[in-house]
>>> print(open('work18.tsv').read())   # TSV, C-alpha atoms and all ligand atoms
chain	number	residue	atom	x	y	z
A	1	MET	CA	123.24	108.96	87.48
A	2	ARG	CA	125.66	106.11	86.87
A	3	VAL	CA	124.14	103.70	84.39
A	4	LEU	CA	125.27	100.24	83.30
A	5	VAL	CA	124.23	99.12	79.81
A	6	THR	CA	124.93	95.46	79.10
A	7	GLY	CA	125.08	94.78	75.36
A	8	GLY	CA	125.96	98.47	74.97
A	9	ALA	CA	128.05	97.97	71.81
A	10	GLY	CA	125.11	96.44	69.94
A	11	PHE	CA	122.54	98.05	67.69
A	12	LEU	CA	120.07	99.23	70.35
A	13	GLY	CA	122.69	99.46	73.12
A	14	SER	CA	124.89	101.94	71.26
A	15	HIS	CA	121.92	104.26	70.59
A	16	LEU	CA	120.94	104.00	74.26
A	17	CYS	CA	124.49	104.81	75.49
A	18	GLU	CA	124.53	107.86	73.23
A	19	ARG	CA	121.17	109.11	74.51
A	20	LEU	CA	122.22	108.57	78.14
A	21	ILE	CA	125.47	110.50	77.67
A	22	ASN	CA	123.60	113.32	75.95
A	23	ALA	CA	121.37	113.44	79.03
A	24	ASP	CA	124.53	113.90	81.19
A	25	HIS	CA	124.65	110.46	82.76
A	26	ASP	CA	127.84	108.45	83.33
A	27	VAL	CA	127.66	105.26	81.30
A	28	ILE	CA	129.41	101.93	81.72
A	29	CYS	CA	128.98	99.93	78.53
A	30	MET	CA	129.55	96.22	79.05
A	31	ASP	CA	129.80	93.95	76.04
A	32	ASN	CA	131.65	90.82	74.97
A	33	CYS	CA	131.48	92.01	71.33
A	34	PHE	CA	129.86	88.78	70.11
A	35	THR	CA	127.35	90.52	67.83
A	36	GLY	CA	128.08	94.11	68.81
A	37	ARG	CA	130.89	96.10	67.31
A	38	LYS	CA	133.38	98.58	68.77
A	39	LYS	CA	132.61	100.66	65.66
A	40	ASN	CA	129.15	101.34	67.08
A	41	ILE	CA	130.66	103.11	70.09
A	42	ASP	CA	133.90	104.50	68.59
A	43	HIS	CA	132.50	108.00	68.72
A	44	LEU	CA	131.82	107.66	72.47
A	45	LEU	CA	135.19	106.26	73.51
A	46	GLY	CA	136.85	109.66	74.04
A	47	ASN	CA	133.97	110.96	76.17
A	48	LYS	CA	134.83	111.22	79.87
A	49	ARG	CA	131.33	110.11	80.83
A	50	PHE	CA	131.73	106.84	78.89
A	51	GLU	CA	133.55	103.70	79.95
A	52	PHE	CA	133.75	100.48	77.92
A	53	MET	CA	134.13	97.15	79.73
A	54	ARG	CA	134.74	94.02	77.67
A	55	HIS	CA	133.02	91.39	79.78
A	56	ASP	CA	130.65	88.47	79.38
A	57	VAL	CA	127.32	89.00	81.18
A	58	VAL	CA	127.31	85.26	82.02
A	59	ASP	CA	130.21	85.90	84.45
A	60	PRO	CA	129.41	87.88	87.63
A	61	PHE	CA	130.46	91.53	87.81
A	62	LYS	CA	130.46	94.42	90.26
A	63	ALA	CA	129.71	98.08	89.62
A	64	GLU	CA	128.36	100.95	91.68
A	65	VAL	CA	125.43	102.06	89.58
A	66	ASP	CA	121.96	103.57	89.92
A	67	GLN	CA	120.39	101.93	86.88
A	68	ILE	CA	121.04	98.82	84.79
A	69	TYR	CA	119.71	98.25	81.27
A	70	ASN	CA	120.16	94.55	80.44
A	71	LEU	CA	120.40	94.31	76.65
A	72	ALA	CA	123.17	91.70	76.32
A	73	CYS	CA	121.91	88.88	74.09
A	74	PRO	CA	122.23	88.06	70.40
A	75	ALA	CA	118.94	89.16	68.85
A	76	SER	CA	118.69	87.89	65.28
A	77	PRO	CA	117.79	84.25	64.54
A	78	VAL	CA	121.08	83.75	62.64
A	79	HIS	CA	123.12	84.95	65.62
A	80	TYR	CA	121.13	83.40	68.44
A	81	GLN	CA	121.02	80.00	66.74
A	82	TYR	CA	124.80	80.06	66.08
A	83	ASN	CA	125.45	78.85	69.65
A	84	ALA	CA	122.03	78.08	71.10
A	85	ILE	CA	123.33	76.93	74.49
A	86	LYS	CA	125.31	80.12	74.92
A	87	THR	CA	122.21	82.14	73.99
A	88	ILE	CA	120.07	80.64	76.72
A	89	LYS	CA	122.93	80.97	79.23
A	90	THR	CA	123.29	84.63	78.28
A	91	SER	CA	119.62	85.32	78.95
A	92	VAL	CA	119.35	83.32	82.16
A	93	MET	CA	122.76	83.88	83.78
A	94	GLY	CA	122.82	87.47	82.50
A	95	ALA	CA	119.49	88.15	84.18
A	96	ILE	CA	120.65	86.55	87.44
A	97	ASN	CA	123.87	88.59	87.44
A	98	CYS	CA	122.08	91.87	86.68
A	99	LEU	CA	119.40	91.19	89.29
A	100	GLY	CA	122.00	90.16	91.89
A	101	LEU	CA	123.90	93.39	91.29
A	102	ALA	CA	120.69	95.45	91.39
A	103	LYS	CA	119.76	93.83	94.70
A	104	ARG	CA	123.21	94.49	96.21
A	105	VAL	CA	123.54	98.14	95.17
A	106	GLY	CA	119.83	99.06	95.17
A	107	ALA	CA	119.78	99.85	91.44
A	108	ARG	CA	116.73	99.86	89.20
A	109	VAL	CA	117.06	97.26	86.44
A	110	LEU	CA	115.38	97.03	83.02
A	111	GLN	CA	115.18	93.83	81.01
A	112	ALA	CA	115.15	94.03	77.20
A	113	SER	CA	112.56	91.33	76.67
A	114	THR	CA	110.92	90.57	73.36
A	115	SER	CA	107.76	89.98	71.39
A	116	GLU	CA	109.13	86.42	70.98
A	117	ILE	CA	107.64	85.86	74.44
A	118	TYR	CA	104.35	85.53	72.52
A	119	GLY	CA	105.78	82.89	70.14
A	120	ASP	CA	103.46	82.20	67.20
A	121	PRO	CA	100.56	84.15	68.70
A	122	SER	CA	96.94	83.04	68.57
A	123	VAL	CA	95.81	86.41	69.99
A	124	HIS	CA	96.22	89.35	67.63
A	125	PRO	CA	97.40	92.04	68.20
A	126	GLN	CA	99.35	90.96	71.28
A	127	PRO	CA	98.54	92.60	74.64
A	128	GLU	CA	100.86	92.11	77.63
A	129	SER	CA	98.20	89.92	79.27
A	130	TYR	CA	98.61	87.23	76.57
A	131	TRP	CA	100.74	84.32	77.83
A	132	GLY	CA	101.99	83.28	74.42
A	133	ASN	CA	102.36	80.20	72.27
A	134	VAL	CA	106.01	79.14	72.34
A	135	ASN	CA	107.49	75.84	71.20
A	136	PRO	CA	109.82	74.87	74.09
A	137	ILE	CA	112.00	72.55	72.00
A	138	GLY	CA	112.31	74.22	68.59
A	139	ILE	CA	115.14	76.12	66.95
A	140	ARG	CA	113.90	79.49	68.27
A	141	SER	CA	113.44	78.20	71.83
A	142	CYS	CA	116.95	79.07	73.06
A	143	TYR	CA	115.99	82.71	72.56
A	144	ASP	CA	112.27	82.64	73.35
A	145	GLU	CA	112.49	80.43	76.44
A	146	GLY	CA	115.68	82.16	77.62
A	147	LYS	CA	113.86	85.49	77.51
A	148	ARG	CA	110.77	83.99	79.17
A	149	CYS	CA	112.92	82.59	81.99
A	150	ALA	CA	114.61	85.98	82.36
A	151	GLU	CA	111.18	87.59	82.80
A	152	THR	CA	110.34	85.00	85.47
A	153	LEU	CA	113.59	85.79	87.28
A	154	PHE	CA	112.86	89.52	87.14
A	155	PHE	CA	109.45	89.05	88.75
A	156	ASP	CA	110.74	86.59	91.37
A	157	TYR	CA	113.54	88.97	92.40
A	158	HIS	CA	110.91	91.70	92.58
A	159	ARG	CA	108.52	89.65	94.74
A	160	GLN	CA	111.17	88.00	96.91
A	161	ASN	CA	113.83	90.74	97.20
A	162	ARG	CA	111.88	93.87	96.25
A	163	VAL	CA	114.25	94.60	93.38
A	164	ASP	CA	113.01	97.60	91.38
A	165	ILE	CA	112.38	96.05	87.95
A	166	ARG	CA	111.15	97.14	84.51
A	167	VAL	CA	110.33	94.60	81.80
A	168	MET	CA	110.10	95.89	78.23
A	169	ARG	CA	108.80	93.68	75.44
A	170	ILE	CA	110.47	94.93	72.29
A	171	PHE	CA	108.92	94.28	68.86
A	172	ASN	CA	111.03	94.19	65.65
A	173	THR	CA	113.19	97.31	65.64
A	174	TYR	CA	115.39	98.61	62.83
A	175	GLY	CA	117.64	101.53	61.97
A	176	PRO	CA	121.25	102.63	61.54
A	177	ARG	CA	123.94	100.45	63.23
A	178	MET	CA	122.13	97.21	62.50
A	179	ASP	CA	124.68	94.59	61.57
A	180	PRO	CA	124.38	93.94	57.80
A	181	GLN	CA	125.32	90.29	58.43
A	182	ASP	CA	122.75	89.49	61.09
A	183	GLY	CA	120.15	88.10	58.69
A	184	ARG	CA	117.25	90.20	59.91
A	185	VAL	CA	114.67	91.02	57.30
A	186	VAL	CA	115.15	94.79	57.12
A	187	SER	CA	118.95	94.61	56.86
A	188	ASN	CA	118.81	91.71	54.38
A	189	PHE	CA	116.30	93.39	52.07
A	190	ILE	CA	118.03	96.78	52.05
A	191	CYS	CA	121.48	95.26	51.45
A	192	GLN	CA	120.11	92.98	48.71
A	193	ALA	CA	118.37	95.91	47.00
A	194	LEU	CA	121.47	98.12	47.21
A	195	ARG	CA	123.55	95.34	45.61
A	196	ASP	CA	120.92	94.58	42.92
A	197	GLU	CA	120.69	91.04	44.32
A	198	ASP	CA	117.52	88.96	44.59
A	199	ILE	CA	115.31	89.82	47.57
A	200	THR	CA	114.91	86.60	49.56
A	201	ILE	CA	111.43	86.13	50.96
A	202	TYR	CA	111.17	83.13	53.26
A	203	GLY	CA	107.88	81.33	52.59
A	204	ASP	CA	105.21	83.12	50.54
A	205	GLY	CA	105.73	86.46	52.30
A	206	SER	CA	102.24	86.56	53.83
A	207	GLN	CA	103.61	86.45	57.40
A	208	THR	CA	103.46	89.83	59.12
A	209	ARG	CA	105.72	91.93	61.33
A	210	SER	CA	105.44	95.43	62.80
A	211	PHE	CA	108.59	97.51	62.46
A	212	CYS	CA	109.67	100.18	64.92
A	213	TYR	CA	112.36	102.77	64.18
A	214	VAL	CA	115.24	102.74	66.69
A	215	ASP	CA	114.74	106.31	67.99
A	216	ASP	CA	111.15	105.51	68.96
A	217	ASN	CA	112.31	102.35	70.71
A	218	ILE	CA	114.98	104.14	72.78
A	219	GLU	CA	112.52	106.87	73.77
A	220	GLY	CA	110.09	104.20	75.02
A	221	MET	CA	112.88	102.34	76.82
A	222	MET	CA	114.04	105.42	78.72
A	223	ARG	CA	110.49	106.45	79.60
A	224	LEU	CA	109.81	103.00	81.01
A	225	MET	CA	113.05	102.99	83.02
A	226	ASN	CA	112.36	106.41	84.52
A	227	LYS	CA	108.68	106.00	85.32
A	228	ASP	CA	108.13	105.35	89.02
A	229	GLY	CA	105.79	102.76	90.44
A	230	ILE	CA	105.51	100.29	87.55
A	231	THR	CA	107.19	97.01	86.67
A	232	GLY	CA	105.78	96.22	83.23
A	233	PRO	CA	105.81	94.14	81.15
A	234	VAL	CA	105.15	96.88	78.61
A	235	ASN	CA	105.09	96.37	74.84
A	236	ILE	CA	107.23	98.83	72.88
A	237	GLY	CA	106.74	98.57	69.14
A	238	ASN	CA	105.10	100.16	66.15
A	239	PRO	CA	101.56	98.87	65.52
A	240	GLY	CA	101.87	99.44	61.76
A	241	GLU	CA	101.66	95.84	60.50
A	242	PHE	CA	103.07	94.74	57.12
A	243	THR	CA	103.41	91.45	55.29
A	244	ILE	CA	107.00	90.55	54.44
A	245	LEU	CA	106.03	90.83	50.75
A	246	GLN	CA	104.84	94.41	51.35
A	247	LEU	CA	108.14	95.19	53.07
A	248	ALA	CA	110.09	93.78	50.11
A	249	GLU	CA	108.07	95.88	47.65
A	250	LYS	CA	108.53	99.01	49.76
A	251	VAL	CA	112.31	98.50	49.97
A	252	ILE	CA	112.58	97.94	46.20
A	253	GLU	CA	110.52	101.10	45.61
A	254	LEU	CA	112.69	103.23	47.92
A	255	VAL	CA	116.10	101.86	46.91
A	256	GLY	CA	115.36	101.51	43.20
A	257	GLY	CA	117.60	99.12	41.30
A	258	LYS	CA	116.96	95.83	39.54
A	259	SER	CA	116.30	93.35	42.35
A	260	LYS	CA	113.73	90.63	41.83
A	261	ILE	CA	111.82	88.83	44.57
A	262	VAL	CA	112.60	85.14	45.06
A	263	ASN	CA	111.06	82.72	47.56
A	264	LYS	CA	113.11	80.53	49.91
A	265	PRO	CA	111.95	77.94	52.45
A	266	LEU	CA	110.30	79.28	55.58
A	267	PRO	CA	112.36	78.43	58.72
A	268	SER	CA	110.51	76.30	61.29
A	269	ASP	CA	108.47	78.02	63.99
A	270	ASP	CA	108.53	81.34	62.12
A	271	PRO	CA	105.62	83.32	63.66
A	272	ARG	CA	102.72	83.90	61.22
A	273	GLN	CA	101.77	87.31	62.53
A	274	ARG	CA	103.00	89.90	64.99
A	275	ARG	CA	101.69	93.29	66.02
A	276	PRO	CA	101.90	95.01	69.39
A	277	ASP	CA	98.94	96.28	71.34
A	278	ILE	CA	100.52	99.46	72.74
A	279	SER	CA	97.58	100.70	74.84
A	280	LEU	CA	99.57	100.21	78.04
A	281	ALA	CA	102.61	102.18	76.81
A	282	LYS	CA	100.28	104.99	75.73
A	283	GLU	CA	98.51	105.04	79.08
A	284	LEU	CA	101.48	104.60	81.43
A	285	LEU	CA	104.30	106.27	79.50
A	286	ASP	CA	102.42	108.61	77.18
A	287	TRP	CA	104.47	106.93	74.45
A	288	GLU	CA	103.70	105.99	70.90
A	289	PRO	CA	105.98	105.76	67.89
A	290	ALA	CA	106.44	108.89	65.81
A	291	ILE	CA	108.22	107.42	62.78
A	292	ALA	CA	106.27	105.41	60.22
A	293	LEU	CA	107.88	102.61	58.21
A	294	GLU	CA	108.59	104.57	55.04
A	295	ALA	CA	110.17	107.48	56.95
A	296	GLY	CA	112.28	105.07	59.02
A	297	LEU	CA	113.46	103.15	55.96
A	298	LYS	CA	114.50	106.44	54.35
A	299	LYS	CA	116.70	107.14	57.40
A	300	THR	CA	118.12	103.61	57.37
A	301	ILE	CA	118.94	103.09	53.68
A	302	PRO	CA	121.74	105.75	53.59
A	303	TYR	CA	123.46	104.01	56.54
A	304	PHE	CA	123.64	100.68	54.69
A	305	ASP	CA	124.54	102.44	51.43
A	306	LYS	CA	127.56	104.08	53.11
A	307	LEU	CA	128.57	100.83	54.79
A	308	LEU	CA	128.39	98.82	51.55
A	309	SER	CA	130.22	101.39	49.45
A	310	LYS	CA	133.04	101.43	52.03
A	311	GLY	CA	133.24	97.65	51.73
A	312	LYS	CA	133.66	97.82	47.94
B	1	LIG	P1	122.60	93.21	69.00
B	1	LIG	O1	123.01	91.83	68.66
B	1	LIG	O2	123.02	94.30	68.08
B	1	LIG	O3	123.07	93.60	70.45
B	1	LIG	C1	123.27	92.69	71.49
B	1	LIG	C2	124.56	93.04	72.19
B	1	LIG	O4	124.77	92.12	73.26
B	1	LIG	C3	125.78	92.91	71.26
B	1	LIG	O5	126.60	94.04	71.38
B	1	LIG	C4	126.48	91.65	71.77
B	1	LIG	O6	127.87	91.65	71.52
B	1	LIG	C5	126.12	91.69	73.24
B	1	LIG	N1	126.21	90.38	73.87
B	1	LIG	C6	125.73	89.19	73.41
B	1	LIG	N2	126.00	88.20	74.26
B	1	LIG	C7	126.69	88.77	75.29
B	1	LIG	C8	127.25	88.27	76.48
B	1	LIG	N3	127.19	86.96	76.79
B	1	LIG	N4	127.90	89.14	77.31
B	1	LIG	C9	127.98	90.44	77.01
B	1	LIG	N5	127.47	90.99	75.89
B	1	LIG	C10	126.81	90.16	75.04
B	1	LIG	O7	121.01	93.20	69.15
B	1	LIG	P2	119.99	94.38	69.44
B	1	LIG	O8	119.01	94.38	68.34
B	1	LIG	O9	120.69	95.63	69.79
B	1	LIG	O10	119.24	93.81	70.72
B	1	LIG	C11	119.49	94.30	72.03
B	1	LIG	C12	118.54	93.62	73.01
B	1	LIG	O11	117.19	93.92	72.66
B	1	LIG	C13	118.68	92.11	73.03
B	1	LIG	O12	118.57	91.65	74.36
B	1	LIG	C14	117.49	91.64	72.22
B	1	LIG	O13	117.06	90.38	72.61
B	1	LIG	C15	116.46	92.70	72.52
B	1	LIG	N6	115.48	92.81	71.44
B	1	LIG	C16	115.82	93.40	70.24
B	1	LIG	C17	114.89	93.45	69.21
B	1	LIG	C18	115.20	94.09	67.88
B	1	LIG	O14	114.36	94.03	66.98
B	1	LIG	N7	116.33	94.73	67.68
B	1	LIG	C19	113.61	92.88	69.39
B	1	LIG	C20	113.32	92.27	70.61
B	1	LIG	C21	114.26	92.27	71.63
B	2	LIG	N1	112.70	86.95	56.43
B	2	LIG	C1	112.64	86.87	55.04
B	2	LIG	N2	113.79	87.05	54.35
B	2	LIG	C2	114.99	87.35	54.94
B	2	LIG	C3	115.02	87.45	56.36
B	2	LIG	C4	113.86	87.23	57.07
B	2	LIG	O1	111.59	86.62	54.45
B	2	LIG	O2	115.99	87.52	54.22
B	2	LIG	C5	111.43	86.77	57.18
B	2	LIG	C6	111.51	85.79	58.34
B	2	LIG	O3	111.26	84.47	57.90
B	2	LIG	C7	110.41	86.32	59.24
B	2	LIG	C8	110.45	87.83	59.02
B	2	LIG	O4	111.11	88.01	57.76
B	2	LIG	O5	109.16	85.85	58.83
B	2	LIG	C9	111.21	88.61	60.09
B	2	LIG	O6	112.47	88.00	60.26
B	2	LIG	P1	113.58	88.58	61.26
B	2	LIG	O7	114.66	87.56	61.32
B	2	LIG	O8	113.94	89.96	60.86
B	2	LIG	O9	112.83	88.72	62.65
B	2	LIG	P2	111.92	87.73	63.54
B	2	LIG	O10	111.54	86.52	62.75
B	2	LIG	O11	112.77	87.38	64.70
B	2	LIG	O12	110.75	88.55	63.86
>>> encode(input="work18.tsv", output="structure tokens", more="lines below")
Ligand code: NAD
Ligand code: UDP
Amino acid sequence: MRVLVTGGAGFLGSHLCERLINADHDVICMDNCFTGRKKNIDHLLGNKRFEFMRHDVVDPFKAEVDQIYNLACPASPVHYQYNAIKTIKTSVMGAINCLGLAKRVGARVLQASTSEIYGDPSVHPQPESYWGNVNPIGIRSCYDEGKRCAETLFFDYHRQNRVDIRVMRIFNTYGPRMDPQDGRVVSNFICQALRDEDITIYGDGSQTRSFCYVDDNIEGMMRLMNKDGITGPVNIGNPGEFTILQLAEKVIELVGGKSKIVNKPLPSDDPRQRRPDISLAKELLDWEPAIALEAGLKKTIPYFDKLLSKGK
């Protein structure tokens, strides 16, 4: 198949491109390199099945493809709040452009949606049937509402134009090729521990997240794309739930070193708790994560260690 991956030079996108090429597909990787890095795909550039297109998903594009994975969007709060208007345009216009292309060429199209759809959830754990609790005017809204609008567009194109859609709600995912500067909790804590710096917990650290290793995520994503007869939304995440304090202690234990925990102010609208209900993914895709947090952190720490020692 010919497959378009928007956001293909990013953390998840680069792993996806690699998996698709290994499965003998031709891959067009489209990225404007805002948060993604050419470094992530350097090793693919010489491959005849791989093509890189520097392009902004906000601007229309044409390609003859069988499948589209729409991953283009800054994903960490630091990056998506940097230019909030651009973030919401990327989600909304990007979705329209991908759906328009899918309609024209008859491609199947998958949206990388997010657990942020659920906002600060009052239902726990979160099933796909929960409509969420999102502040429409806060500092996270450019991302949350952009992604919610993209989901609406996916379902309207499906109902109105019979576009073959898949909507995947991704919960916090981590692993090699995360950007050390993107401010996400796993990358921050590991980099801080490796540098013997203070570990910065925002708030008292009692808020929870559920962390999924990248390989599990990509497996779930490809299963969802290739399963016939479903649209989603389907949650893909690891139901192992940890407080941010527990994560900090685990990282300090695994990295070693002299870091101490310090508390910083909690950003506004920071969700109190998050954990996926993955019953649907189990039932429809026969998918569940195979890599627990400690095992995943042990695979991730050497990546950051190498990156930081190169920077020295
Ligand atoms: P990332 O920032 O590493 O990757 C996003 C990629 O999109 C980058 O390569 C970036 O340059 C590109 N991009 C951004 N704006 C663009 C634009 N206007 N045109 C073209 N390319 C653009 O983030 P990621 O973690 O790999 O996330 C990938 C997708 O998965 C995103 O859509 C994100 O919202 C979603 N997601 C990720 C997580 C997670 O924990 N990693 C959780 C929920 C949802
Ligand atoms: N967080 C933290 N210290 C950091 C970075 C993040 O305590 O250095 C917290 C953040 O406030 C949130 C959680 O960790 O409660 C996850 O943050 P991240 O930005 O990784 O993801 P998201 O909030 O989008 O789930």
>>> residues_near_ligand(input="work18.tsv", ligand="ligand LIG 1 (chain B)", cutoff="7 Å", atoms="all atoms listed in the file", output="ChimeraX atom specification")
/A:6-13,30-37,55-58,70-76,90,112-115,169-174,178-179
>>> residues_around(input="work18.tsv", residues="Gly132 (chain A)", least_positions_apart="6", cutoff="12 Å", atoms="all atoms listed in the file", output="PyMOL selection string")
chain A and resi 114-126+144-145+148+271+274
>>> residues_around(input="work18.tsv", residues="region 235-242 of chain A", least_positions_apart="5", cutoff="6 Å", atoms="all atoms listed in the file", output="PDB file with C-alpha atoms, keeping the file's coordinate frame")
ATOM      1  CA  ARG A 169     108.800  93.680  75.440  1.00  0.00           C
ATOM      2  CA  ILE A 170     110.470  94.930  72.290  1.00  0.00           C
ATOM      3  CA  PHE A 171     108.920  94.280  68.860  1.00  0.00           C
ATOM      4  CA  THR A 208     103.460  89.830  59.120  1.00  0.00           C
ATOM      5  CA  ARG A 209     105.720  91.930  61.330  1.00  0.00           C
ATOM      6  CA  SER A 210     105.440  95.430  62.800  1.00  0.00           C
ATOM      7  CA  PHE A 211     108.590  97.510  62.460  1.00  0.00           C
ATOM      8  CA  CYS A 212     109.670 100.180  64.920  1.00  0.00           C
ATOM      9  CA  ARG A 275     101.690  93.290  66.020  1.00  0.00           C
ATOM     10  CA  PRO A 276     101.900  95.010  69.390  1.00  0.00           C
ATOM     11  CA  ILE A 278     100.520  99.460  72.740  1.00  0.00           C
ATOM     12  CA  PRO A 289     105.980 105.760  67.890  1.00  0.00           C
TER      13      PRO A 289
END
>>> residues_near_ligand(input="work18.tsv", ligand="ligand LIG 2 (chain B)", cutoff="6 Å", atoms="all atoms listed in the file", output="count of residues only")
14
>>> residues_around(input="work18.tsv", residues="Thr152 (chain A)", least_positions_apart="6", cutoff="10 Å", atoms="only C-alpha atoms", output="list of chain:residue names")
A:Val92, A:Ala95, A:Gly146, A:His158
>>> atom_distance(input="work18.tsv", atom1="CA of Asp42 (chain A)", atom2="CA of Arg223 (chain A)")
25.9 Å
>>> atom_distance(input="work18.tsv", atom1="CA of Asn263 (chain A)", atom2="CA of Ile139 (chain A)")
20.9 Å
>>> closest_atom_pairs(input="work18.tsv", of="region 159-183 of chain A", to="region 296-310 of chain A", cutoff="8 Å", atoms="all atoms listed in the file", output="tab-separated table")
residue	atom	partner	partner_atom	distance
A:Tyr174	CA	A:Thr300	CA	7.9
A:Gly175	CA	A:Thr300	CA	5.1
A:Pro176	CA	A:Thr300	CA	5.3
A:Arg177	CA	A:Tyr303	CA	7.6
A:Pro180	CA	A:Phe304	CA	7.5
>>> atom_distance(input="work18.tsv", atom1="CA of Glu64 (chain A)", atom2="CA of Ile28 (chain A)")
10.1 Å
